[in-house]
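Containing PDB, C-alpha atoms: data.pdb.
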ATOM      1  CA  MET A   1       0.000   0.000   0.000
ATOM      2  CA  LYS A   2       2.848   2.387   0.825
ATOM      3  CA  THR A   3       4.455   1.644  -2.538
ATOM      4  CA  LEU A   4       1.176   2.366  -4.335
ATOM      5  CA  PHE A   5       0.716   5.605  -2.414
ATOM      6  CA  LEU A   6       4.299   6.686  -3.138
ATOM      7  CA  GLY A   7       3.847   5.972  -6.856
ATOM      8  CA  VAL A   8       0.553   7.848  -7.039
ATOM      9  CA  THR A   9       1.930  10.761  -5.015
ATOM     10  CA  LEU A  10       5.003  11.099  -7.238
ATOM     11  CA  GLY A  11       2.773  10.932 -10.300
ATOM     12  CA  LEU A  12       0.529  13.636  -8.883
ATOM     13  CA  ALA A  13       3.520  15.802  -8.019
ATOM     14  CA  ALA A  14       4.825  15.464 -11.579
ATOM     15  CA  ALA A  15       1.420  16.317 -13.022
ATOM     16  CA  LEU A  16       1.083  19.322 -10.715
ATOM     17  CA  SER A  17       4.479  20.664 -11.747
ATOM     18  CA  PHE A  18       3.133  21.615 -15.196
ATOM     19  CA  THR A  19       2.100  25.223 -15.638
ATOM     20  CA  LEU A  20      -1.665  25.446 -15.359
ATOM     21  CA  GLU A  21      -3.388  28.014 -17.492
ATOM     22  CA  GLU A  22      -6.777  29.417 -16.561
ATOM     23  CA  GLU A  23      -9.119  26.621 -17.499
ATOM     24  CA  ASP A  24     -12.838  26.062 -17.160
ATOM     25  CA  ILE A  25     -13.132  23.280 -14.622
ATOM     26  CA  THR A  26     -16.800  23.899 -13.895
ATOM     27  CA  GLY A  27     -19.286  21.093 -14.327
ATOM     28  CA  THR A  28     -19.949  17.649 -12.950
ATOM     29  CA  TRP A  29     -16.971  15.362 -12.359
ATOM     30  CA  TYR A  30     -17.171  11.637 -11.621
ATOM     31  CA  VAL A  31     -14.617  10.080  -9.279
ATOM     32  CA  LYS A  32     -12.663   7.315 -11.031
ATOM     33  CA  ALA A  33     -10.072   6.668  -8.305
ATOM     34  CA  MET A  34      -9.116   8.002  -4.894
ATOM     35  CA  VAL A  35      -6.017   7.683  -2.708
ATOM     36  CA  VAL A  36      -5.187   8.957   0.799
ATOM     37  CA  ASP A  37      -2.034   8.832   2.891
ATOM     38  CA  LYS A  38      -3.640   7.648   6.125
ATOM     39  CA  ASP A  39      -5.781   4.594   6.765
ATOM     40  CA  PHE A  40      -9.382   5.638   7.127
ATOM     41  CA  PRO A  41     -11.233   4.190  10.111
ATOM     42  CA  GLU A  42     -13.497   1.360   8.938
ATOM     43  CA  ASP A  43     -16.693   3.303   9.686
ATOM     44  CA  ARG A  44     -15.543   6.354   7.681
ATOM     45  CA  ARG A  45     -14.269   4.637   4.529
ATOM     46  CA  PRO A  46     -16.179   5.672   1.414
ATOM     47  CA  ARG A  47     -18.085   2.742  -0.021
ATOM     48  CA  LYS A  48     -19.918   4.806  -2.584
ATOM     49  CA  VAL A  49     -18.958   8.126  -4.110
ATOM     50  CA  SER A  50     -21.020  10.896  -5.601
ATOM     51  CA  PRO A  51     -20.089  13.150  -8.489
ATOM     52  CA  VAL A  52     -18.364  16.423  -7.601
ATOM     53  CA  LYS A  53     -20.087  19.502  -9.007
ATOM     54  CA  VAL A  54     -17.774  22.503  -9.470
ATOM     55  CA  THR A  55     -19.351  25.946  -9.853
ATOM     56  CA  ALA A  56     -17.618  29.254 -10.650
ATOM     57  CA  LEU A  57     -18.383  31.993  -8.112
ATOM     58  CA  GLY A  58     -16.524  34.913  -9.660
ATOM     59  CA  GLY A  59     -13.083  36.328  -9.025
ATOM     60  CA  GLY A  60     -11.619  32.912  -9.835
ATOM     61  CA  ASN A  61     -13.194  31.291  -6.753
ATOM     62  CA  LEU A  62     -14.972  27.948  -7.056
ATOM     63  CA  GLU A  63     -17.499  25.953  -5.065
ATOM     64  CA  ALA A  64     -17.302  22.161  -4.956
ATOM     65  CA  THR A  65     -20.464  20.262  -3.975
ATOM     66  CA  PHE A  66     -20.612  16.541  -3.248
ATOM     67  CA  THR A  67     -22.629  14.066  -1.197
ATOM     68  CA  PHE A  68     -21.587  11.338   1.219
ATOM     69  CA  MET A  69     -23.327   8.836   3.488
ATOM     70  CA  ARG A  70     -23.138   9.055   7.271
ATOM     71  CA  GLU A  71     -25.288   6.880   9.516
ATOM     72  CA  ASP A  72     -27.515   5.886   6.565
ATOM     73  CA  ARG A  73     -28.180   9.530   5.672
ATOM     74  CA  CYS A  74     -27.062  11.474   2.635
ATOM     75  CA  ILE A  75     -25.147  14.604   3.605
ATOM     76  CA  GLN A  76     -24.403  17.301   1.051
ATOM     77  CA  LYS A  77     -21.148  19.206   1.534
ATOM     78  CA  LYS A  78     -20.121  22.454  -0.132
ATOM     79  CA  ILE A  79     -16.550  23.713  -0.081
ATOM     80  CA  LEU A  80     -15.641  27.286  -0.995
ATOM     81  CA  MET A  81     -12.356  27.153  -2.883
ATOM     82  CA  ARG A  82     -10.607  30.528  -2.865
ATOM     83  CA  LYS A  83      -8.247  31.249  -5.739
ATOM     84  CA  THR A  84      -4.614  31.844  -4.799
ATOM     85  CA  GLU A  85      -1.919  33.591  -6.808
ATOM     86  CA  GLU A  86      -0.584  30.220  -7.962
ATOM     87  CA  PRO A  87      -2.526  28.889 -10.982
ATOM     88  CA  GLY A  88      -4.497  25.741 -10.184
ATOM     89  CA  LYS A  89      -4.109  26.216  -6.407
ATOM     90  CA  PHE A  90      -7.039  27.028  -4.122
ATOM     91  CA  SER A  91      -7.452  27.362  -0.367
ATOM     92  CA  ALA A  92     -10.405  26.408   1.819
ATOM     93  CA  TYR A  93     -11.347  26.577   5.474
ATOM     94  CA  GLY A  94      -9.239  29.661   6.153
ATOM     95  CA  GLY A  95      -6.155  28.193   4.493
ATOM     96  CA  ARG A  96      -6.210  24.951   6.509
ATOM     97  CA  LYS A  97      -6.871  23.032   3.302
ATOM     98  CA  LEU A  98      -5.008  23.538   0.019
ATOM     99  CA  ILE A  99      -6.539  22.112  -3.145
ATOM    100  CA  TYR A 100      -4.686  21.715  -6.438
ATOM    101  CA  LEU A 101      -6.541  21.101  -9.712
ATOM    102  CA  GLN A 102      -4.578  19.748 -12.654
ATOM    103  CA  GLU A 103      -5.730  18.595 -16.074
ATOM    104  CA  LEU A 104      -4.071  15.394 -17.219
ATOM    105  CA  PRO A 105      -2.538  15.948 -20.667
ATOM    106  CA  GLY A 106      -4.190  14.080 -23.539
ATOM    107  CA  THR A 107      -7.343  13.272 -21.549
ATOM    108  CA  ASP A 108     -10.500  14.949 -20.294
ATOM    109  CA  ASP A 109      -9.571  13.923 -16.753
ATOM    110  CA  TYR A 110      -8.345  16.018 -13.831
ATOM    111  CA  VAL A 111      -6.537  15.332 -10.597
ATOM    112  CA  PHE A 112      -7.969  16.989  -7.498
ATOM    113  CA  TYR A 113      -5.154  16.902  -4.928
ATOM    114  CA  CYS A 114      -5.718  18.116  -1.378
ATOM    115  CA  LYS A 115      -3.378  18.903   1.541
ATOM    116  CA  ASP A 116      -5.326  19.175   4.782
ATOM    117  CA  GLN A 117      -3.826  20.490   8.022
ATOM    118  CA  ARG A 118      -5.509  18.550  10.816
ATOM    119  CA  ARG A 119      -4.874  18.395  14.536
ATOM    120  CA  GLY A 120      -1.134  17.988  14.632
ATOM    121  CA  GLY A 121      -0.480  16.727  11.124
ATOM    122  CA  LEU A 122      -1.005  16.902   7.391
ATOM    123  CA  ARG A 123      -3.275  14.588   5.441
ATOM    124  CA  TYR A 124      -3.116  14.160   1.689
ATOM    125  CA  MET A 125      -5.846  13.008  -0.666
ATOM    126  CA  GLY A 126      -5.966  12.675  -4.433
ATOM    127  CA  LYS A 127      -8.951  12.060  -6.695
ATOM    128  CA  LEU A 128      -8.853  11.200 -10.363
ATOM    129  CA  VAL A 129     -12.036  12.613 -11.892
ATOM    130  CA  GLY A 130     -13.553  12.620 -15.357
ATOM    131  CA  PRO A 131     -16.481  14.339 -17.073
ATOM    132  CA  CYS A 132     -18.566  11.209 -17.596
ATOM    133  CA  ARG A 133     -19.656   8.155 -15.670
ATOM    134  CA  CYS A 134     -17.430   5.378 -16.953
ATOM    135  CA  PRO A 135     -18.960   1.977 -17.685
ATOM    136  CA  HIS A 136     -16.274   0.153 -15.682
ATOM    137  CA  LEU A 137     -17.261   2.094 -12.550
ATOM    138  CA  GLY A 138     -20.830   0.819 -12.625
ATOM    139  CA  SER A 139     -23.606   2.083 -10.432
ATOM    140  CA  PRO A 140     -22.942  -0.026  -7.284
ATOM    141  CA  GLY A 141     -19.955   2.171  -6.357
ATOM    142  CA  HIS A 142     -21.786   5.446  -6.930
ATOM    143  CA  LEU A 143     -23.945   7.156  -4.359
ATOM    144  CA  THR A 144     -27.461   8.152  -5.319
ATOM    145  CA  CYS A 145     -29.392  10.411  -2.938
ATOM    146  CA  ARG A 146     -32.805  11.814  -3.492
TER
END
Kindly return the structure encoded in the file as structure tokens.
Amino acid sequence: MKTLFLGVTLGLAAALSFTLEEEDITGTWYVKAMVVDKDFPEDRRPRKVSPVKVTALGGGNLEATFTFMREDRCIQKKILMRKTEEPGKFSAYGGRKLIYLQELPGTDDYVFYCKDQRRGGLRYMGKLVGPCRCPHLGSPGHLTCR
């Protein structure tokens, strides 16, 4: 698992090193893969994922909306992503969370990479997202709330 995480992290770092031009990242993005640096507690591991909807708010700021299950209830979460001076880099929660968005060359996919300062340490998370629901993902792994 550590080897996989190291490989994915190095790949993300390489992808993020490219210069990001102002791009339109708004729309609905489907999670194809996700990786974190810490083991999630069993009761908090995502079993199903929802699409991430990204909306432009003006001034380069974005809002990301997604849904997750907690105690058999669907919870919708919105994150205000404030543009920074560095292209493709956003901050949230008063700077506690840094979010990097990077288009993968030659594809319609993006990497959403997050550094989160939590009680005494940093946590890292990466999501590979694409503009369409892929047939290999199937519906059992996707969250549907009404």
Original post:
Using all atoms listed in the file, which of the listed residues (A:Val54, A:Val35, A:Leu104, A:Leu98) sits closest to A:Lys77?
Top reply: A:Val54
Quick one: residues within 12 Å of stretch 58-63 of chain A, only C-alpha atoms, excluding same-chain residues fewer than 6 positions away - as a short mmCIF file (atom, residue, chain, number, x, y, z; two decimals) with C-alpha atoms, in the coordinates of the input?
data_model
loop_
_atom_site.label_atom_id
_atom_site.label_comp_id
_atom_site.auth_asym_id
_atom_site.auth_seq_id
_atom_site.Cartn_x
_atom_site.Cartn_y
_atom_site.Cartn_z
CA GLU A 22 -6.78 29.42 -16.56
CA GLU A 23 -9.12 26.62 -17.50
CA ASP A 24 -12.84 26.06 -17.16
CA ILE A 25 -13.13 23.28 -14.62
CA THR A 26 -16.80 23.90 -13.90
CA GLY A 27 -19.29 21.09 -14.33
CA THR A 28 -19.95 17.65 -12.95
CA VAL A 52 -18.36 16.42 -7.60
CA LYS A 77 -21.15 19.21 1.53
CA LYS A 78 -20.12 22.45 -0.13
CA ILE A 79 -16.55 23.71 -0.08
CA LEU A 80 -15.64 27.29 -1.00
CA MET A 81 -12.36 27.15 -2.88
CA ARG A 82 -10.61 30.53 -2.86
CA LYS A 83 -8.25 31.25 -5.74
CA THR A 84 -4.61 31.84 -4.80
CA GLU A 85 -1.92 33.59 -6.81
CA GLU A 86 -0.58 30.22 -7.96
CA PRO A 87 -2.53 28.89 -10.98
CA GLY A 88 -4.50 25.74 -10.18
CA LYS A 89 -4.11 26.22 -6.41
CA PHE A 90 -7.04 27.03 -4.12
CA SER A 91 -7.45 27.36 -0.37
CA ALA A 92 -10.40 26.41 1.82
CA ILE A 99 -6.54 22.11 -3.14
CA LEU A 101 -6.54 21.10 -9.71
#
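Every residue that the PyMOL selection byres ((chain A and resi 110) around 8) selects in this file is listed here: Leu101, Gln102, Glu103, Leu104, Asp108, Asp109, Val111, Phe112, Leu128, Val129 and Gly130 of chain A.
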**OP:** Using the chain letters and residue numbers of this document, give as a ChimeraX atom specification the residues selected by the PyMOL selection byres ((chain A and resi 114) around 7).
**Re:** /A:97-100,112-113,115-116,124-126
**OP:** Run the PyMOL selection byres ((chain A and resi 31) around 9) on the file and write out the hits as a PyMOL selection string.
**Re:** chain A and resi 29-30+32-34+49-52+127-130+133+142
Keeping only C-alpha atoms, take the residues you just selected and write them out as an mmCIF file, keeping the file's coordinate frame.
data_model
loop_
_atom_site.group_PDB
_atom_site.id
_atom_site.type_symbol
_atom_site.label_atom_id
_atom_site.label_comp_id
_atom_site.auth_asym_id
_atom_site.auth_seq_id
_atom_site.Cartn_x
_atom_site.Cartn_y
_atom_site.Cartn_z
ATOM 1 C CA TRP A 29 -16.971 15.362 -12.359
ATOM 2 C CA TYR A 30 -17.171 11.637 -11.621
ATOM 3 C CA LYS A 32 -12.663 7.315 -11.031
ATOM 4 C CA ALA A 33 -10.072 6.668 -8.305
ATOM 5 C CA MET A 34 -9.116 8.002 -4.894
ATOM 6 C CA VAL A 49 -18.958 8.126 -4.110
ATOM 7 C CA SER A 50 -21.020 10.896 -5.601
ATOM 8 C CA PRO A 51 -20.089 13.150 -8.489
ATOM 9 C CA VAL A 52 -18.364 16.423 -7.601
ATOM 10 C CA LYS A 127 -8.951 12.060 -6.695
ATOM 11 C CA LEU A 128 -8.853 11.200 -10.363
ATOM 12 C CA VAL A 129 -12.036 12.613 -11.892
ATOM 13 C CA GLY A 130 -13.553 12.620 -15.357
ATOM 14 C CA ARG A 133 -19.656 8.155 -15.670
ATOM 15 C CA HIS A 142 -21.786 5.446 -6.930
#
Original post:
Can you tell me how far atom CA of A:Pro131 sits from atom CA of A:Leu57, in Å to one decimal?
Top reply: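 Interatomic distance here is 19.9 Å.
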Original post:
Quick one, how far is atom CA of A:Thr67 from atom CA of A:Arg123?
Top reply: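 A separation of 20.5 Å between them.
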**OP:** Work out how far apart atom CA of A:Tyr93 and atom CA of A:Leu122 are and give it in Å to one decimal.
**Re:**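 If I compute the distance from atom CA of A:Tyr93 to atom CA of A:Leu122, I get 14.3 Å.
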Subject >> Counting only C-alpha atoms, the residue of A:Met69, A:Arg96, A:Gly106, A:Gln76 that sits nearest A:Lys53 >> reply: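 Closest candidate: A:Gln76.
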